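Trainee: Below is the structure I would like to discuss, written out as structure tokens.
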Amino acid sequence: MTVAAPVPAGVWNHPVLRGVLVAEFVSVLGSALSIVAVPWLVLTETGSARSMGLVMAAQMAGTALLGSLSASWAGRAGPRRVMLLGDACRGLLIALVPLLTTCGSYAVPLIAVATFVMGGWMAPYSASQQAMVPEVVGEDEALLSRANAALQGSMRTGLLLGPPLGGLLVGLLGAAPVVILDAASFAVSLVLLRRYLPTTRPDLPATSSRSARGGLRTLLSDPLTACWSLALTFSEFAWQGLFAAIPVVALRYGDHGATLSGVLSGAFGGAALTGTLLVGPLLRRLPAPALAVGGRILLALSFFALLLPLGATAVLCCLVAAGLLNGVSSAPVAAVRALRLPAASRSQALTVATAVALGGGTCGLLAGSTVIQASGVHTVFLLLCLAQTTAAVLHVGGLLAVRRRAPVADPAQT
């Protein structure tokens, strides 16, 4: 049986984690470049905003539709194989996009198919990341939370730096070369992951089902994983609804709408990255479950700043507070939930959970953009507050249910 090596106090001193962190930073940075480059490429080549929207929506649809269907394969293949194939396939698909723009009337449907398949990799890849970390660092909550925080920090750094860098590079080089840089980032990540990820997995007991249905049964068999997975779906609904509202808020309250939109998005990214850096120090004072649930309660409360009559200032305050609290609580949430799942079925269960959560995010994006058009900003903000409050209640309920089930020590034996 493969035994995880102990993690030193600084995760950067762990060679496997160091390689994984660099790989994920590189690939996320490349993907963040494409957040700017791909829409710009489609828009300039076709002259159609509708075509641009179709391409971007296709990626989200692929995530929602293909994610849960891949749970069975993800469970059999294991995190290493899923992540390696994910980088290889996504790199090839994104490299095809500039070529597909030359296909005339077929360009947009073909690009939409490519982004749809790319989106389908998101759930199994993200779930494999979460399942991979316990295989590397072991199953101690505090160590796993710190490792998850480091992974999220490296990814959020890429997301923070990528869009402004992408805008600069598109202006200097054009959109097509920047998309090729994204393909190259997947190749670099593939090489690093192949070098550093363990080639053997722990000896796992056989499971009765490795299907999506089996993964769902695994999630629902434990009150904490069931409640927290549903909570993350509500939370993702709220996040995507908020992100959909940011451009509208910027246009409504700012004389320079694009600048204000960038400031609001950047404020969230910077705060979330800061939150991940605080996870390690906070875990020296609080157990991971308490940090996870406490952070989610405060996160829900921070959303009520949106209802204050302060315009863009209220949105900025919410994004800073919510980003910070999301960064603080996400890694402990991921660690505690992962350790409640049996190792043998962890990959497929997390794949299903990720697909469901991202499906909630898709609904939030659609609901946010629809409701804000019909009823205004305040109605959307109220809806988002209710969604985050529901998520916080589910986090509390899941933890309380587990503690009620915990056996009580016999006083006679103490």
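Please note that chains go A, B, ... in the order of the structure tokens, that every chain numbers its residues from 1, and that ligands are numbered from 1 in the order shown.
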Could you list, as a list in words, every residue within 7 Å of Ala176 in chain A, counting only C-alpha atoms and ignoring same-chain residues fewer than 3 positions away?
Mentor: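 Listed by chain and then number, they are Leu41, Pro98, Val179 and Ile180 of chain A.
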Trainee: List as a ChimeraX atom specification the protein and nucleic acid residues near Leu216 in chain A, meaning an atom at most 9 Å away when only C-alpha atoms are counted, but skip any in the same chain fewer than 4 places from it.
Mentor: /A:211-212,220-221,226,348-350,352-353
Trainee: Name the residues of range 152-256 of chain A that come out as helix (DSSP H, G or I) in a backbone DSSP run; write them as a VMD selection string.
Mentor: chain A and resid 152 to 173 175 to 196 212 to 220 223 to 253
Trainee: Please report the interatomic distance between CA of Ala64 in chain A and CA of Thr354 in chain A in Å with one decimal.
Mentor: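 For CA of Ala64 in chain A relative to CA of Thr354 in chain A, the distance reads 9.2 Å.
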Trainee: Would you tabulate, counting only C-alpha atoms, all residues of range 307-365 of chain A that have an atom at most 10 Å from an atom of range 122-135 of chain A, showing the closest pair of atoms and their distance in Å to one decimal, sorted by chain then ascending number, as CSV?
Mentor:
```
residue,atom,partner,partner_atom,distance
A:Ala331,CA,A:Gln130,CA,9.8
A:Ala334,CA,A:Gln130,CA,7.2
A:Ala335,CA,A:Gln130,CA,8.1
A:Arg337,CA,A:Gln130,CA,9.8
A:Ala338,CA,A:Ala131,CA,7.1
A:Leu339,CA,A:Pro134,CA,8.0
A:Leu341,CA,A:Ala131,CA,9.8
A:Ala343,CA,A:Ala131,CA,8.3
A:Ser345,CA,A:Ala131,CA,9.7
A:Arg346,CA,A:Ala131,CA,6.3
A:Ser347,CA,A:Ala131,CA,5.7
A:Gln348,CA,A:Ala127,CA,7.9
A:Ala349,CA,A:Ala127,CA,8.3
A:Leu350,CA,A:Ala127,CA,5.0
A:Thr351,CA,A:Ala127,CA,4.9
A:Val352,CA,A:Ala123,CA,7.6
A:Ala353,CA,A:Ala127,CA,8.2
A:Thr354,CA,A:Ala123,CA,5.4
A:Ala355,CA,A:Ala123,CA,5.3
A:Val356,CA,A:Ala123,CA,9.0
A:Ala357,CA,A:Ala123,CA,9.3
A:Leu358,CA,A:Ala123,CA,7.9
```
Trainee: Which residues, written as a list in words, have at least one atom at most 8 Å from Ala392 in chain A, with only C-alpha atoms counted and residues fewer than 6 positions away on the same chain left out?
Mentor: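 Counting only C-alpha atoms, the residues come to Ala231, Val293, Arg296, Ile297 and Ala300 of chain A.
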